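*Asks:* Sharing a structure below in structure tokens format, with a few things to ask.
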Amino acid sequence: MLNECNPGLYNGVTPITKNATCLYGLEEVIENLKKTEICFNKLSFSIPLFTVENVNNTYPSYTDMCSEGKFDNLTWCVQTSQNYYDKGQFFREQKTGVMVIGLDFDDYCNSCQCKSAFNGFYNVLAGYISGSVIPCAKFDVQSTVYPIK
């Protein structure tokens with residue numbers, strides 16, 4: 001994680017876009033890595049699949065979020081299908097590898113009633129292989145629109 005959960009700035013903890021306010025972005029990480037001699041086709045980045053709930057400082061799964069209906073737009077950081085797709089696409093464009101971690105925090109029971117279980121994982125994959133985003137209304141509960149990607 002690059003940042004703490006701050007639902008007022010972004011709906012996840014690792015945005016792609018830099019934000020001078022206080023968020024570190026993946027673009028900033030890439031900029032700094034390009035200043036080194038690291039070979040990008042040997043790099044692999046991890047994309048965690050979890051939500052963050054600030055009040056109790058917990059990491060509920062998407063299955064829990066959808067089945068228990070406790071989501072609060074003001075205290076939770078929940079990435080959407082589009083966020084996961086964009087990250088897969090971003091790493092493909094960087095010509096790096098990608099690891100999806102925390103599959104047990106994805107919607108493994110399909111409680112969000114998406115096209116299938118593991119909606120977060122399949123959206124990372126779709127972005128990485130130039131597929132199409134797979135939206136899901138109950139998975140994509142974050143309603144705040146942010147200026148950063």
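As shown in the structure tokens, the chain order sets the letters A, B, ...; within each chain, residues go from 1, and ligands are also counted from 1 in the order they appear.
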List every residue of range 76-101 of chain A that has an atom at most 6 Å from any atom of range 114-134 of chain A, giving for each one its closest atom pair and the distance in Å to one decimal, counting only C-alpha atoms, sorted by chain and then by ascending residue number, as a tab-separated table.
*Replies:*
```
residue	atom	partner	partner_atom	distance
A:Ser81	CA	A:Asn123	CA	5.9
A:Tyr84	CA	A:Val124	CA	4.9
A:Tyr85	CA	A:Gly127	CA	4.5
A:Gly88	CA	A:Tyr128	CA	4.3
A:Gln89	CA	A:Gly127	CA	4.2
A:Arg92	CA	A:Tyr128	CA	5.2
```
*Asks:* Can I get the selected residues back with N, CA and C atoms, as a compact mmCIF listing (two decimals), in the first residue's frame?
*Replies:*
```
# COMPACT_ATOMS: atom_id res chain seq x y z
N SER A 81 -14.58 -1.88 -10.12
CA SER A 81 -14.17 -2.68 -11.28
C SER A 81 -13.26 -1.86 -12.19
N TYR A 84 -9.66 -1.49 -10.78
CA TYR A 84 -8.85 -2.70 -10.97
C TYR A 84 -8.47 -2.88 -12.44
N TYR A 85 -9.41 -2.60 -13.33
CA TYR A 85 -9.13 -2.69 -14.77
C TYR A 85 -8.01 -1.71 -15.14
N GLY A 88 -4.57 -2.98 -14.10
CA GLY A 88 -4.08 -4.02 -15.01
C GLY A 88 -3.57 -3.42 -16.30
N GLN A 89 -4.32 -2.48 -16.85
CA GLN A 89 -3.94 -1.80 -18.09
C GLN A 89 -2.66 -1.00 -17.90
N ARG A 92 0.35 -3.31 -17.86
CA ARG A 92 0.60 -3.83 -19.22
C ARG A 92 1.35 -2.77 -20.03
```
*Asks:* Tell me, as a list in words, which residues lie within 9 Å of Val141 in chain A, counting only C-alpha atoms; anything in the same chain fewer than 2 positions away does not count.
*Replies:*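 Returned residues: Phe71, Asn73, Val78, Gln79, Thr80, Cys136, Ala137, Lys138, Phe139 and Ser143 of chain A.
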*Asks:* Residues near range 25-36 of chain A, anyone? I mean within 12 Å using only C-alpha atoms, not counting same-chain ones fewer than 5 positions away, as a list in words.
*Replies:*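 Close residues of range 25-36 of chain A: Met1, Leu2, Asn3, Tyr10, Gly12, Val13, Thr14, Pro15, Ile16, Thr17, Lys18, Asn19, Ala20, Leu43, Ser44, Phe45, Ser46, Ile47, Asp86, Lys87, Gly88, Phe90, Phe91, Glu93, Gln94, Lys95, Thr96, Ile148 and Lys149 of chain A.
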*Asks:* Once DSSP has gone over the backbone, tell me which residues of chain A are in strand (DSSP E), as a list of chain:residue names.
*Replies:*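 Those residues are A:Ser44, A:Phe45, A:Ser46, A:Ile47, A:Pro48, A:Val52, A:Glu53, A:Trp76, A:Cys77, A:Gly97, A:Val98, A:Met99, A:Val100, A:Ile101.
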*Asks:* Create the file for the chosen residues now, containing N, CA and C atoms and written as a PDB file, in the first residue's frame.
*Replies:*
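The resulting file, out-v6.pdb, is reproduced below:
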```
ATOM      1  N   SER A  44       7.748  -7.047 -11.252  1.00  0.00           N
ATOM      2  CA  SER A  44       6.370  -7.463 -11.055  1.00  0.00           C
ATOM      3  C   SER A  44       5.792  -6.639  -9.913  1.00  0.00           C
ATOM      4  N   PHE A  45       4.631  -6.082 -10.122  1.00  0.00           N
ATOM      5  CA  PHE A  45       3.954  -5.276  -9.116  1.00  0.00           C
ATOM      6  C   PHE A  45       2.757  -6.048  -8.582  1.00  0.00           C
ATOM      7  N   SER A  46       2.437  -5.832  -7.311  1.00  0.00           N
ATOM      8  CA  SER A  46       1.272  -6.516  -6.737  1.00  0.00           C
ATOM      9  C   SER A  46       0.095  -5.558  -6.639  1.00  0.00           C
ATOM     10  N   ILE A  47      -1.072  -6.102  -6.895  1.00  0.00           N
ATOM     11  CA  ILE A  47      -2.322  -5.353  -6.766  1.00  0.00           C
ATOM     12  C   ILE A  47      -3.138  -6.058  -5.685  1.00  0.00           C
ATOM     13  N   PRO A  48      -3.278  -5.440  -4.518  1.00  0.00           N
ATOM     14  CA  PRO A  48      -4.065  -6.069  -3.453  1.00  0.00           C
ATOM     15  C   PRO A  48      -5.567  -5.909  -3.706  1.00  0.00           C
ATOM     16  N   VAL A  52     -10.872  -1.239   2.733  1.00  0.00           N
ATOM     17  CA  VAL A  52     -10.372  -0.737   4.014  1.00  0.00           C
ATOM     18  C   VAL A  52     -11.517  -0.007   4.696  1.00  0.00           C
ATOM     19  N   GLU A  53     -11.750  -0.362   5.939  1.00  0.00           N
ATOM     20  CA  GLU A  53     -12.787   0.292   6.733  1.00  0.00           C
ATOM     21  C   GLU A  53     -12.078   1.039   7.850  1.00  0.00           C
ATOM     22  N   TRP A  76     -15.070   4.035   4.224  1.00  0.00           N
ATOM     23  CA  TRP A  76     -14.485   2.876   3.552  1.00  0.00           C
ATOM     24  C   TRP A  76     -13.740   3.308   2.289  1.00  0.00           C
ATOM     25  N   CYS A  77     -12.662   2.628   2.008  1.00  0.00           N
ATOM     26  CA  CYS A  77     -11.967   2.756   0.726  1.00  0.00           C
ATOM     27  C   CYS A  77     -12.231   1.469  -0.046  1.00  0.00           C
ATOM     28  N   GLY A  97       5.329  -7.203 -14.991  1.00  0.00           N
ATOM     29  CA  GLY A  97       4.439  -8.264 -14.547  1.00  0.00           C
ATOM     30  C   GLY A  97       3.491  -7.729 -13.488  1.00  0.00           C
ATOM     31  N   VAL A  98       2.469  -8.509 -13.201  1.00  0.00           N
ATOM     32  CA  VAL A  98       1.514  -8.117 -12.168  1.00  0.00           C
ATOM     33  C   VAL A  98       1.132  -9.352 -11.355  1.00  0.00           C
ATOM     34  N   MET A  99       1.053  -9.169 -10.043  1.00  0.00           N
ATOM     35  CA  MET A  99       0.579 -10.215  -9.136  1.00  0.00           C
ATOM     36  C   MET A  99      -0.675  -9.688  -8.461  1.00  0.00           C
ATOM     37  N   VAL A 100      -1.699 -10.509  -8.427  1.00  0.00           N
ATOM     38  CA  VAL A 100      -2.915 -10.138  -7.723  1.00  0.00           C
ATOM     39  C   VAL A 100      -2.868 -10.866  -6.385  1.00  0.00           C
ATOM     40  N   ILE A 101      -2.868 -10.101  -5.306  1.00  0.00           N
ATOM     41  CA  ILE A 101      -2.771 -10.715  -3.987  1.00  0.00           C
ATOM     42  C   ILE A 101      -4.051 -10.471  -3.188  1.00  0.00           C
TER      43      ILE A 101
END
```
*Asks:* Considering only C-alpha atoms, state which residue in the set A:Asn83, A:Thr58, A:Ser67, A:Thr51 is at the smallest distance from Phe105 in chain A.
*Replies:* A:Thr51
*Asks:* Leaving out Met65 in chain A and any residue of its chain fewer than 4 positions from it, which residues lie within 9 Å of it when counting only C-alpha atoms, given as a ChimeraX atom specification?
*Replies:* /A:51,60-61,69-71,107,111-112,139
*Asks:* Apply DSSP to the structure's backbone, then extract all residues of chain A labelled helix (DSSP H, G or I) and return them as a ChimeraX atom specification.
*Replies:* /A:26-33,40-42,62-68,81-93,103-105,119-128
*Asks:* Compare A:Asn57, A:Asn41, A:Thr63, A:Gln142 by their minimum atom-to-atom distance to Leu103 in chain A, counting only C-alpha atoms, and give me the closest one.
*Replies:*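 Checking each candidate against Leu103 in chain A, we get A:Thr63 as the closest.
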*Asks:* To one decimal place, how far is CA of Val55 in chain A from CA of Gly102 in chain A in Å?
*Replies:* 21.2 Å
*Asks:* Hey, can you check how far CA of Cys5 in chain A sits from CA of Asp72 in chain A?
*Replies:* 13.0 Å
*Asks:* Using only C-alpha atoms, which residue out of A:Cys109, A:Leu9, A:Asp140, A:Tyr24 lies closest to Gln82 in chain A?
*Replies:*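 For Gln82 in chain A, the nearest of the given residues is A:Asp140.
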